[in-house]
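*Asks:* Before I ask anything, here is the structure I am working with.
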Amino acid sequence: MLSGSIQISGETLSSAEVKDICDSLKGNSVRLLSLRGCHLSDRDFSRISRHVAECQSLAQLNLNLGVVNNLNRVKQLAEALQNNRSIHSLFLHGSPLTDSGLAALNPALSLHPSLASLDLGDCMLGDEGMNLICGLLPPDGAKSGDHIAGMLAVAVASSRTLEVLDLEGTGLTNQSAQIFLEMVENYPTSMRNLIIAENNISSELQQQISDLLSEGEEEETENEGTEDGGGEKEIWISQGNAGSQTLLVTSGFEDSLLAETEM
């Protein structure tokens with residue numbers, strides 16, 4: 001093993017080995033981390049991802065041959081790349097990303113300031129995945145509308161206050177819509193309305209995004225109703241001057257009196 005490099009291939013990593021890797025990343029003493037074909041628990045993958053995010057020395061990350069084997073790991077890797085600023089080369093060859101996985105990873109790839117080499121061979125990518133890759137390679141370094149949309153998606157996914165985003169007539173395509181769709185599906189967001197009319201986006205994708213945002217708003221309304229009492233009735237009993245009791249039954253959602261009965 002070369003100084004400044006950790007290279008392990010085809011092994012099942014123990015928690016102790018993962019701790020050593022994390023300690024090296026934390027100490028900014030690793031330039032190359034290769035876990036090609038290794039097996040590790042989801043918990044340990046999460047630990048490594050968090051330290052990759054913070055490492056300032058890491059230049060090459062090799063997770064070839066199935067290390068990133070589910071969508072949850074894709075999201076953790078995306079979060080790591082959003083914070084990391086040092087990685088030049090990322091190898092994911094042989095990872096079952098599929099188009100949906102690459103869509104979740106794409107915003108982080110688009111925004112990374114140092115990434116120059118990316119291996120996505122044999123990652124089960126289709127036409128949508130190829131479109132996303134093309135978006136990472138703008139001609140002459142020009143930033144397309146879709147590229148900016150990828151940047152916005154990252155910001156929107158992390159915002160807890162933004163409710164309306166108007167991108168009408170801004171030159172977006174289905175690629176942008178797919179990024180926003182994946183964001184709404186996979187990340188908690190306060191956004192209730194995304195306006196993407198007058199763009200080259202299919203009506204089907206627009207409807208899918210609208211439906212997901214509507215579902216989120218309905219769930220929020222239902223939760224608020226539960227917190228307010230969930231429709232349960234409150235019962236108040238007051239004593240009258242003549243010793244009689246008055247039974248008042250009121251709704252948790254209304255201020256009006258539903259019943260009043262002398263007892």
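Going by the structure tokens order, chains are called A, B, ..., each with residues numbered from 1, while ligands are numbered from 1 in the order shown.
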Show me, as a Markdown table, the residues of region 35-91 of chain A having an atom within 8 Å of region 95-109 of chain A, each with the closest atom pair and its distance in Å, using only C-alpha atoms.

*Replies:*
| residue | atom | partner | partner_atom | distance |
| --- | --- | --- | --- | --- |
| A:Asn64 | CA | A:Ser95 | CA | 6.5 |
| A:Leu65 | CA | A:Ser95 | CA | 5.7 |
| A:Gly66 | CA | A:Ser95 | CA | 4.4 |
| A:Val67 | CA | A:Ser95 | CA | 6.8 |
| A:Val68 | CA | A:Ser95 | CA | 5.8 |
| A:Asn69 | CA | A:Pro96 | CA | 5.9 |
| A:Asn70 | CA | A:Leu97 | CA | 7.4 |
| A:Leu71 | CA | A:Gly101 | CA | 6.0 |
| A:Val74 | CA | A:Gly101 | CA | 6.3 |
| A:Lys75 | CA | A:Ala104 | CA | 6.6 |
| A:Leu77 | CA | A:Leu105 | CA | 7.7 |
| A:Ala78 | CA | A:Leu105 | CA | 5.2 |
| A:Glu79 | CA | A:Ala108 | CA | 7.4 |
| A:Leu81 | CA | A:Ala108 | CA | 5.8 |
| A:Gln82 | CA | A:Ala108 | CA | 5.2 |

*Asks:* At a cut-off of 9 Å, using only C-alpha atoms, what residues contact Leu35 (chain A)? Leave out same-chain residues fewer than 4 positions from it and give the result as a ChimeraX atom specification.

*Replies:* /A:6-11,39,61-64,67

*Asks:* Leaving out region 111-122 of chain A and any residue of its chain fewer than 3 positions from it, which residues lie within 6 Å of it when counting only C-alpha atoms, given as a list of chain:residue names?

*Replies:*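 That gives A:Ile87, A:His88, A:Ser89, A:Leu90, A:Phe91, A:Leu92, A:His93, A:Gly94, A:Ala108.
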
*Asks:* Store the residues of this selection in a file with N, CA and C atoms, as a compact mmCIF listing (two decimals), in the first residue's frame.

*Replies:*
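Contents of selection24.txt, freshly written:
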# COMPACT_ATOMS: atom_id res chain seq x y z
N ILE A 87 -12.16 15.77 -4.55
CA ILE A 87 -12.12 14.58 -5.42
C ILE A 87 -11.99 14.98 -6.89
N HIS A 88 -10.99 14.40 -7.55
CA HIS A 88 -10.80 14.61 -8.99
C HIS A 88 -11.36 13.46 -9.81
N SER A 89 -11.30 12.24 -9.25
CA SER A 89 -11.71 11.05 -10.00
C SER A 89 -12.66 10.21 -9.17
N LEU A 90 -13.78 9.80 -9.80
CA LEU A 90 -14.78 8.96 -9.14
C LEU A 90 -15.08 7.78 -10.04
N PHE A 91 -14.90 6.56 -9.50
CA PHE A 91 -15.11 5.35 -10.27
C PHE A 91 -16.25 4.53 -9.66
N LEU A 92 -17.30 4.33 -10.46
CA LEU A 92 -18.48 3.57 -10.02
C LEU A 92 -18.79 2.43 -10.99
N HIS A 93 -17.81 2.01 -11.73
CA HIS A 93 -17.99 0.96 -12.74
C HIS A 93 -18.61 -0.30 -12.10
N GLY A 94 -19.65 -0.82 -12.76
CA GLY A 94 -20.28 -2.06 -12.28
C GLY A 94 -21.23 -1.85 -11.12
N ALA A 108 -25.26 16.49 -7.62
CA ALA A 108 -23.98 16.57 -6.92
C ALA A 108 -22.81 16.50 -7.91

*Asks:* May I have the residues within 12 Å of Asn199 (chain A) as a list of chain:residue names, using only C-alpha atoms and disregarding those fewer than 3 positions away in the same chain?

*Replies:* A:Gly145, A:Asp146, A:Asp166, A:Leu167, A:Glu168, A:Gly169, A:Thr170, A:Gly171, A:Leu172, A:Thr173, A:Asn174, A:Gln175, A:Ser176, A:Ala177, A:Ile195, A:Ile196, A:Ser202, A:Ser203, A:Leu205, A:Gln206

*Asks:* Just to confirm, what's the straight-line distance from CA of Thr189 (chain A) to CA of Ser158 (chain A) in Å (one decimal)?

*Replies:*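 That distance, rounded to one decimal, is 7.4 Å.
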
*Asks:* List the spatial neighbours of Val30 (chain A) as a VMD selection string - criterion: any atom at most 8 Å away, only C-alpha atoms, same-chain residues fewer than 2 positions off excluded.

*Replies:* chain A and resid 4 to 6 24 to 25 28 32 to 33 57 to 58

*Asks:* Could you tell me which of A:Ala59, A:Val184, A:Ile209, A:Ile21 comes closest to Arg47 (chain A) if we count only C-alpha atoms?

*Replies:* A:Ile21

*Asks:* CA of Leu181 (chain A) to CA of Gly129 (chain A): how many Å, to one decimal?

*Replies:* 14.3 Å

*Asks:* In Å, rounded to a single decimal, give me how far CA of Ala153 (chain A) is from CA of Leu165 (chain A).

*Replies:*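 Distance reported for this atom pair: 10.5 Å.
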